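Q: Quick one: the structure is below, and I'll ask about it shortly.
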Amino acid sequence: MRYAVIGRTIPRERYDSIARLYDPWSSSVIEDISFYVEEALAAGAGPVVELGVGTGRIAIPTALAACT
């Protein structure tokens with residue numbers, strides 16, 4: 001599989017190698033999560049969408065805070 005990036009394609013394997021580094025690192029980055037959860041709650045009733053959800057680092061805590 002290949003991904004299109006700004007007019008060119010990049011082999012999936014290049015992203016896989018980054019994911020092996022990003023996933024463990026991203027689980028240690030937590031200082032911004034409360035900001036995003038509070039922003040989602042402050043937006044009021046309604047669905048919340050996290051674009052580029054990836055590992056769910058922000059989406060999962062937001063969902064657990066009762067945002068839909």
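Starting from 1 in every chain, residues are counted up; chains themselves are A, B, ... following the order of the structure tokens, and ligands are numbered from 1 as listed.
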Please run DSSP on the backbone and report, as a VMD selection string, all residues within range 27-63 of chain A that come out as alpha helix (DSSP H).
A: chain A and resid 33 to 42 59 to 63
Q: What does the file look like for those residues with C-alpha atoms, as a JSON list (two decimals), in the first residue's frame?
A:
```
[["chain", "number", "residue", "atom", "x", "y", "z"],
["A", 33, "ILE", "CA", -4.59, 16.01, 27.24],
["A", 34, "SER", "CA", -6.52, 17.87, 29.94],
["A", 35, "PHE", "CA", -6.57, 20.99, 27.74],
["A", 36, "TYR", "CA", -8.26, 19.13, 24.89],
["A", 37, "VAL", "CA", -10.72, 17.35, 27.19],
["A", 38, "GLU", "CA", -11.69, 20.67, 28.83],
["A", 39, "GLU", "CA", -12.12, 22.31, 25.41],
["A", 40, "ALA", "CA", -14.37, 19.47, 24.25],
["A", 41, "LEU", "CA", -16.48, 19.69, 27.40],
["A", 42, "ALA", "CA", -16.71, 23.49, 27.13],
["A", 59, "ALA", "CA", -9.70, 10.77, 21.78],
["A", 60, "ILE", "CA", -9.86, 8.08, 24.47],
["A", 61, "PRO", "CA", -9.63, 10.46, 27.47],
["A", 62, "THR", "CA", -12.14, 12.75, 25.77],
["A", 63, "ALA", "CA", -14.59, 9.87, 25.31]]
```
Q: Determine, counting only C-alpha atoms, which protein, DNA and RNA residues have an atom within 10 Å of an atom of Ser28 in chain A; residues of the same chain fewer than 4 positions away are not included. Present the result as a PyMOL selection string.
A: chain A and resi 23-24+57
Q: What residues in chain A get the DSSP label strand (DSSP E or B)? Please answer as a PyMOL selection string.
A: chain A and resi 2-5+8-11
Q: Just to be explicit: take each residue in the selection above, keep all heavy atoms, and write the result as an mmCIF file, in the first residue's frame.
A:
```
data_model
loop_
_atom_site.group_PDB
_atom_site.id
_atom_site.type_symbol
_atom_site.label_atom_id
_atom_site.label_comp_id
_atom_site.auth_asym_id
_atom_site.auth_seq_id
_atom_site.Cartn_x
_atom_site.Cartn_y
_atom_site.Cartn_z
ATOM 1 N N ARG A 2 0.448 2.278 -0.674
ATOM 2 C CA ARG A 2 1.188 3.532 -0.720
ATOM 3 C C ARG A 2 0.250 4.669 -0.318
ATOM 4 O O ARG A 2 -0.936 4.598 -0.535
ATOM 5 C CB ARG A 2 1.745 3.754 -2.120
ATOM 6 C CG ARG A 2 2.741 2.672 -2.521
ATOM 7 C CD ARG A 2 3.215 2.853 -3.928
ATOM 8 N NE ARG A 2 4.165 3.943 -4.058
ATOM 9 C CZ ARG A 2 5.457 3.859 -3.802
ATOM 10 N NH1 ARG A 2 5.969 2.736 -3.373
ATOM 11 N NH2 ARG A 2 6.257 4.881 -3.961
ATOM 12 N N TYR A 3 0.807 5.713 0.251
ATOM 13 C CA TYR A 3 0.036 6.877 0.674
ATOM 14 C C TYR A 3 0.453 8.081 -0.161
ATOM 15 O O TYR A 3 1.640 8.287 -0.405
ATOM 16 C CB TYR A 3 0.282 7.187 2.155
ATOM 17 C CG TYR A 3 -0.178 6.091 3.069
ATOM 18 C CD1 TYR A 3 0.701 5.103 3.510
ATOM 19 C CD2 TYR A 3 -1.491 6.024 3.480
ATOM 20 C CE1 TYR A 3 0.278 4.094 4.343
ATOM 21 C CE2 TYR A 3 -1.931 5.019 4.319
ATOM 22 C CZ TYR A 3 -1.043 4.053 4.744
ATOM 23 O OH TYR A 3 -1.474 3.053 5.580
ATOM 24 N N ALA A 4 -0.525 8.889 -0.572
ATOM 25 C CA ALA A 4 -0.224 10.097 -1.335
ATOM 26 C C ALA A 4 0.084 11.233 -0.366
ATOM 27 O O ALA A 4 -0.640 11.456 0.595
ATOM 28 C CB ALA A 4 -1.417 10.474 -2.208
ATOM 29 N N VAL A 5 1.187 11.898 -0.588
ATOM 30 C CA VAL A 5 1.589 13.031 0.238
ATOM 31 C C VAL A 5 2.078 14.134 -0.680
ATOM 32 O O VAL A 5 3.112 13.980 -1.339
ATOM 33 C CB VAL A 5 2.695 12.646 1.244
ATOM 34 C CG1 VAL A 5 3.135 13.848 2.055
ATOM 35 C CG2 VAL A 5 2.233 11.523 2.155
ATOM 36 N N ARG A 8 2.996 13.119 -4.259
ATOM 37 C CA ARG A 8 3.859 11.957 -4.470
ATOM 38 C C ARG A 8 3.386 10.845 -3.561
ATOM 39 O O ARG A 8 2.617 11.067 -2.647
ATOM 40 C CB ARG A 8 5.324 12.285 -4.213
ATOM 41 C CG ARG A 8 5.613 12.744 -2.818
ATOM 42 C CD ARG A 8 7.025 13.312 -2.713
ATOM 43 N NE ARG A 8 7.244 13.860 -1.405
ATOM 44 C CZ ARG A 8 7.976 13.303 -0.449
ATOM 45 N NH1 ARG A 8 8.583 12.163 -0.660
ATOM 46 N NH2 ARG A 8 8.129 13.876 0.710
ATOM 47 N N THR A 9 3.833 9.655 -3.793
ATOM 48 C CA THR A 9 3.434 8.535 -2.951
ATOM 49 C C THR A 9 4.609 8.075 -2.115
ATOM 50 O O THR A 9 5.762 8.146 -2.532
ATOM 51 C CB THR A 9 2.885 7.363 -3.782
ATOM 52 O OG1 THR A 9 3.884 6.943 -4.686
ATOM 53 C CG2 THR A 9 1.633 7.756 -4.527
ATOM 54 N N ILE A 10 4.281 7.609 -0.917
ATOM 55 C CA ILE A 10 5.304 7.125 0.014
ATOM 56 C C ILE A 10 4.919 5.700 0.416
ATOM 57 O O ILE A 10 3.777 5.443 0.771
ATOM 58 C CB ILE A 10 5.376 8.027 1.261
ATOM 59 C CG1 ILE A 10 5.822 9.435 0.845
ATOM 60 C CG2 ILE A 10 6.329 7.449 2.299
ATOM 61 C CD1 ILE A 10 5.843 10.433 1.960
ATOM 62 N N PRO A 11 5.855 4.773 0.363
ATOM 63 C CA PRO A 11 5.541 3.392 0.747
ATOM 64 C C PRO A 11 5.084 3.301 2.202
ATOM 65 O O PRO A 11 5.577 4.021 3.070
ATOM 66 C CB PRO A 11 6.868 2.652 0.556
ATOM 67 C CG PRO A 11 7.724 3.544 -0.253
ATOM 68 C CD PRO A 11 7.245 4.939 -0.030
#
```
Q: What does the distance from CA of Leu64 in chain A to CA of Ala19 in chain A come to in Å, to one decimal?
A: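 Interatomic distance, CA of Leu64 in chain A to CA of Ala19 in chain A: 24.4 Å.
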Q: Of the residues A:Ala45, A:Leu51, A:Ile58, A:Ala65, which is the one nearest to Ile30 in chain A, using only C-alpha atoms?
A: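 Ranked by minimum distance to Ile30 in chain A, first place goes to A:Ile58.
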Q: Mind giving me the straight-line distance from CA of Trp25 in chain A to CA of Ala43 in chain A in Å, one decimal?
A: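 Going from CA of Trp25 in chain A over to CA of Ala43 in chain A, I get 29.1 Å.
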Q: In Å, how far is it from CA of Ser27 in chain A to CA of Gly54 in chain A?
A: 11.8 Å
